[in-house]
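**Q** Sending over entry-v8.pdb (PDB, C-alpha atoms and all ligand atoms).
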ATOM      1  CA  MET A   1      28.229 -88.188 -72.174
ATOM      2  CA  GLY A   2      30.014 -86.392 -69.421
ATOM      3  CA  GLY A   3      29.777 -82.664 -69.318
ATOM      4  CA  SER A   4      32.922 -80.864 -70.243
ATOM      5  CA  SER A   5      33.990 -77.894 -68.288
ATOM      6  CA  LEU A   6      35.876 -75.027 -69.749
ATOM      7  CA  GLU A   7      38.474 -73.723 -67.462
ATOM      8  CA  TRP A   8      39.702 -70.218 -68.016
ATOM      9  CA  VAL A   9      43.319 -69.856 -67.124
ATOM     10  CA  GLY A  10      44.092 -66.254 -66.522
ATOM     11  CA  MET A  11      47.457 -64.862 -67.580
ATOM     12  CA  THR A  12      48.934 -63.433 -64.430
ATOM     13  CA  GLY A  13      46.090 -61.395 -63.119
ATOM     14  CA  GLU A  14      47.505 -58.360 -64.875
ATOM     15  CA  GLU A  15      45.995 -56.789 -67.955
ATOM     16  CA  PRO A  16      47.545 -58.285 -71.094
ATOM     17  CA  LEU A  17      49.852 -55.954 -72.974
ATOM     18  CA  GLU A  18      47.999 -53.861 -75.473
ATOM     19  CA  ARG A  19      50.938 -53.646 -77.849
ATOM     20  CA  ASN A  20      53.592 -56.206 -77.184
ATOM     21  CA  PRO A  21      56.740 -55.176 -79.107
ATOM     22  CA  LEU A  22      57.846 -58.803 -79.258
ATOM     23  CA  VAL A  23      54.754 -60.166 -81.010
ATOM     24  CA  PRO A  24      55.387 -60.164 -84.760
ATOM     25  CA  ASP A  25      53.020 -57.998 -86.778
ATOM     26  CA  SER A  26      54.067 -57.504 -90.386
ATOM     27  CA  LYS A  27      52.039 -54.302 -90.639
ATOM     28  CA  ARG A  28      54.070 -52.586 -87.953
ATOM     29  CA  TYR A  29      57.518 -51.104 -88.285
ATOM     30  CA  TRP A  30      60.238 -53.383 -87.001
ATOM     31  CA  CYS A  31      63.802 -52.738 -85.855
ATOM     32  CA  TYR A  32      66.203 -55.359 -87.194
ATOM     33  CA  ARG A  33      68.841 -54.468 -84.588
ATOM     34  CA  CYS A  34      66.623 -54.564 -81.509
ATOM     35  CA  LYS A  35      64.467 -57.316 -83.025
ATOM     36  CA  ALA A  36      61.328 -55.626 -81.803
ATOM     37  CA  HIS A  37      58.460 -53.376 -82.831
ATOM     38  CA  ASN A  38      59.841 -50.379 -81.022
ATOM     39  CA  GLU A  39      58.484 -46.889 -81.055
ATOM     40  CA  PHE A  40      60.121 -44.729 -83.685
ATOM     41  CA  ASP A  41      60.685 -41.147 -84.735
ATOM     42  CA  HIS A  42      59.382 -40.367 -88.172
ATOM     43  CA  LEU A  43      62.055 -38.211 -89.749
ATOM     44  CA  THR A  44      61.557 -36.514 -93.079
ATOM     45  CA  TRP A  45      63.839 -34.240 -94.977
ATOM     46  CA  ARG A  46      64.020 -32.744 -98.431
ATOM     47  CA  THR A  47      66.903 -32.176-100.723
ATOM     48  CA  TYR A  48      66.816 -29.487-103.344
ATOM     49  CA  ARG A  49      68.821 -30.150-106.418
ATOM     50  CA  ALA A  50      68.869 -28.812-109.950
ATOM     51  CA  ASN A  51      65.725 -30.459-111.269
ATOM     52  CA  SER A  52      64.331 -32.417-108.424
ATOM     53  CA  ASP A  53      63.374 -32.014-104.877
ATOM     54  CA  ASP A  54      63.202 -35.358-103.207
ATOM     55  CA  THR A  55      61.599 -36.115 -99.923
ATOM     56  CA  TYR A  56      63.241 -38.777 -97.838
ATOM     57  CA  GLU A  57      61.902 -40.358 -94.761
ATOM     58  CA  LYS A  58      63.262 -42.592 -92.092
ATOM     59  CA  MET A  59      61.602 -44.436 -89.259
ATOM     60  CA  SER A  60      64.277 -44.097 -86.646
ATOM     61  CA  CYS A  61      64.146 -46.576 -83.780
ATOM     62  CA  VAL A  62      63.893 -44.653 -80.484
ATOM     63  CA  ARG A  63      66.248 -47.132 -78.890
ATOM     64  CA  CYS A  64      69.086 -47.539 -81.382
ATOM     65  CA  GLN A  65      68.268 -45.054 -84.184
ATOM     66  CA  ALA A  66      68.478 -47.790 -86.799
ATOM     67  CA  SER A  67      66.193 -47.408 -89.765
ATOM     68  CA  MET A  68      63.087 -49.493 -89.219
ATOM     69  CA  PHE A  69      61.014 -51.060 -91.953
ATOM     70  CA  ASN A  70      57.525 -52.289 -92.507
ATOM     71  CA  PRO A  71      57.634 -55.945 -93.673
ATOM     72  CA  ALA A  72      54.161 -55.875 -95.250
ATOM     73  CA  ARG A  73      55.112 -52.886 -97.397
ATOM     74  CA  THR A  74      58.678 -53.932 -98.143
ATOM     75  CA  LYS A  75      57.815 -57.381 -99.463
ATOM     76  CA  PRO A  76      55.972 -56.366-102.673
ATOM     77  CA  VAL A  77      58.694 -53.818-103.492
ATOM     78  CA  MET A  78      61.336 -56.476-102.998
ATOM     79  CA  VAL A  79      59.480 -58.983-105.177
ATOM     80  CA  GLY A  80      59.063 -56.310-107.852
ATOM     81  CA  LEU A  81      62.739 -55.397-107.831
ATOM     82  CA  LEU A  82      63.926 -58.998-107.952
ATOM     83  CA  GLY A  83      61.433 -59.707-110.745
ATOM     84  CA  PHE A  84      62.691 -56.683-112.645
ATOM     85  CA  THR A  85      66.261 -57.911-112.192
ATOM     86  CA  LEU A  86      65.383 -61.248-113.793
ATOM     87  CA  VAL A  87      63.558 -59.569-116.672
ATOM     88  CA  ALA A  88      66.477 -57.183-117.289
ATOM     89  CA  LEU A  89      68.927 -60.096-117.328
ATOM     90  CA  PHE A  90      66.662 -62.084-119.609
ATOM     91  CA  VAL A  91      66.197 -59.182-122.040
ATOM     92  CA  GLY A  92      69.956 -58.641-122.134
ATOM     93  CA  LEU A  93      70.591 -62.313-122.867
ATOM     94  CA  VAL A  94      67.892 -62.634-125.521
ATOM     95  CA  LEU A  95      68.572 -59.406-127.399
ATOM     96  CA  GLY A  96      72.322 -59.456-126.926
ATOM     97  CA  GLY A  97      74.691 -56.981-128.542
ATOM     98  CA  ASP A  98      74.166 -53.352-127.560
ATOM     99  CA  PHE A  99      71.403 -54.298-125.149
ATOM    100  CA  VAL A 100      73.720 -56.177-122.844
ATOM    101  CA  PRO A 101      75.454 -53.259-121.048
ATOM    102  CA  PRO A 102      72.296 -51.244-120.202
ATOM    103  CA  SER A 103      70.286 -54.282-119.164
ATOM    104  CA  LEU A 104      73.145 -55.476-116.961
ATOM    105  CA  LEU A 105      73.291 -52.042-115.419
ATOM    106  CA  PHE A 106      69.556 -52.099-114.678
ATOM    107  CA  ALA A 107      69.801 -55.636-113.346
ATOM    108  CA  ALA A 108      72.720 -54.744-111.086
ATOM    109  CA  PHE A 109      70.933 -51.705-109.725
ATOM    110  CA  SER A 110      67.585 -53.333-108.994
ATOM    111  CA  GLY A 111      69.285 -56.551-107.904
ATOM    112  CA  LEU A 112      71.402 -54.745-105.354
ATOM    113  CA  ILE A 113      68.424 -53.055-103.704
ATOM    114  CA  GLY A 114      66.268 -56.172-104.055
ATOM    115  CA  PHE A 115      68.800 -58.406-102.355
ATOM    116  CA  MET A 116      69.390 -55.848 -99.629
ATOM    117  CA  MET A 117      65.654 -55.922 -98.910
ATOM    118  CA  LEU A 118      65.719 -59.710 -99.044
ATOM    119  CA  TYR A 119      68.451 -59.664 -96.404
ATOM    120  CA  TYR A 120      66.328 -57.594 -94.018
ATOM    121  CA  MET A 121      63.171 -59.556 -94.827
ATOM    122  CA  ASN A 122      65.070 -62.729 -93.943
ATOM    123  CA  LEU A 123      65.942 -61.308 -90.542
ATOM    124  CA  TRP A 124      62.268 -60.520 -90.095
ATOM    125  CA  TRP A 125      61.085 -63.956 -91.220
ATOM    126  CA  SER A 126      63.437 -65.873 -88.967
ATOM    127  CA  TRP A 127      62.590 -63.661 -85.999
ATOM    128  CA  SER A 128      58.818 -63.921 -86.488
ATOM    129  CA  ARG A 129      59.087 -67.687 -86.919
ATOM    130  CA  ARG A 130      60.992 -67.917 -83.660
ATOM    131  CA  GLN A 131      58.512 -65.661 -81.863
ATOM    132  CA  ARG A 132      55.493 -67.589 -83.169
ATOM    133  CA  SER A 133      56.877 -70.830 -81.796
ATOM    134  CA  LYS A 134      56.681 -69.384 -78.297
ATOM    135  CA  SER A 135      53.556 -69.577 -76.200
ATOM    136  CA  ALA A 136      51.376 -66.543 -75.635
ATOM    137  CA  GLU A 137      52.344 -66.553 -71.970
ATOM    138  CA  GLN A 138      56.020 -66.581 -72.777
ATOM    139  CA  LEU A 139      55.687 -63.720 -75.258
ATOM    140  CA  GLU A 140      53.650 -61.779 -72.761
ATOM    141  CA  GLN A 141      56.310 -62.261 -70.110
ATOM    142  CA  GLU A 142      59.197 -61.403 -72.416
ATOM    143  CA  GLY A 143      57.305 -58.369 -73.702
ATOM    144  CA  ARG A 144      56.899 -57.049 -70.184
ATOM    145  CA  GLN A 145      60.562 -57.577 -69.372
ATOM    146  CA  TYR A 146      61.503 -55.864 -72.607
ATOM    147  CA  ILE A 147      59.365 -52.822 -71.870
ATOM    148  CA  VAL A 148      60.862 -52.523 -68.400
ATOM    149  CA  LEU A 149      64.327 -52.777 -69.940
ATOM    150  CA  ILE A 150      63.618 -49.967 -72.397
ATOM    151  CA  GLU A 151      62.205 -47.736 -69.704
ATOM    152  CA  LYS A 152      65.360 -48.183 -67.668
ATOM    153  CA  GLU A 153      67.629 -47.136 -70.513
TER     154      GLU A 153
HETATM  155 ZN    ZN O   1      66.405 -50.484 -82.553
END
Can you give me the file's structure in the form of structure tokens?
**A**
Amino acid sequence: MGGSSLEWVGMTGEEPLERNPLVPDSKRYWCYRCKAHNEFDHLTWRTYRANSDDTYEKMSCVRCQASMFNPARTKPVMVGLLGFTLVALFVGLVLGGDFVPPSLLFAAFSGLIGFMMLYYMNLWWSWSRRQRSKSAEQLEQEGRQYIVLIEKE
């Protein structure tokens, strides 16, 4: 048996990026316009109305101000909404009569938001698939170029 030697191939001599914005991480906020895990401003505001005061929040991409989302947190909400849509449709169909209009209304409402989330999740899935097919070296290189690009802007 010949001895095998492990050869360590260093990246480029530089320290690897600690947080590469181009490496998909479903737990981090992602900008669908920039297609990157950019830094963001966490904006919150409240609205005071008759019986409610709602707090809204937005993760605003520092680069393009688009609203960013967290894929890991969005997915279960999306699944829940789409599931609810199916149940509402089913209930309307089974019970019929007076139950049809309200169940259609519920289904339309949850379906609209659910499919909107599905649209953004699809952007995320196709991007992360594309990124994962690249080599670590390539991602590292692209990440560096991207960071330089942002700093220039
Ligand atoms: Zn952006």
**Q** Around all the atoms of stretch 73-84 of chain A listed in the file, with 4 Å of room on each side, what axis-aligned box do you get, giving centre and edge lengths in Å to one decimal, as AutoDock Vina command-line options?
**A**
--center_x 59.5 --center_y -56.3 --center_z -105.0 --size_x 16.8 --size_y 14.8 --size_z 23.2
**Q** With all atoms listed in the file as the basis for distance, which of A:Arg33, A:Ala136, A:Ala108, A:Thr55 is at the shortest distance from A:Leu123?
**A**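 Among the listed residues, the smallest separation from A:Leu123 belongs to A:Arg33.
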**Q** Using all atoms listed in the file, which residue out of A:Thr44, A:Asn38, A:Ser110, A:Ser26 lies closest to A:Gly143?
**A**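 Residue with the minimum atom-to-atom distance to A:Gly143: A:Asn38.
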**Q** When you draw a straight line from atom CA of A:Val148 to atom CA of A:Ala72, how long is it in Å?
**A**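 These two atoms are separated by 27.9 Å.
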**Q** Counting all atoms listed in the file, which protein, DNA or RNA residues come within 8 Å of ligand ZN 1 (chain O), given as a count of residues only?
**A** 16
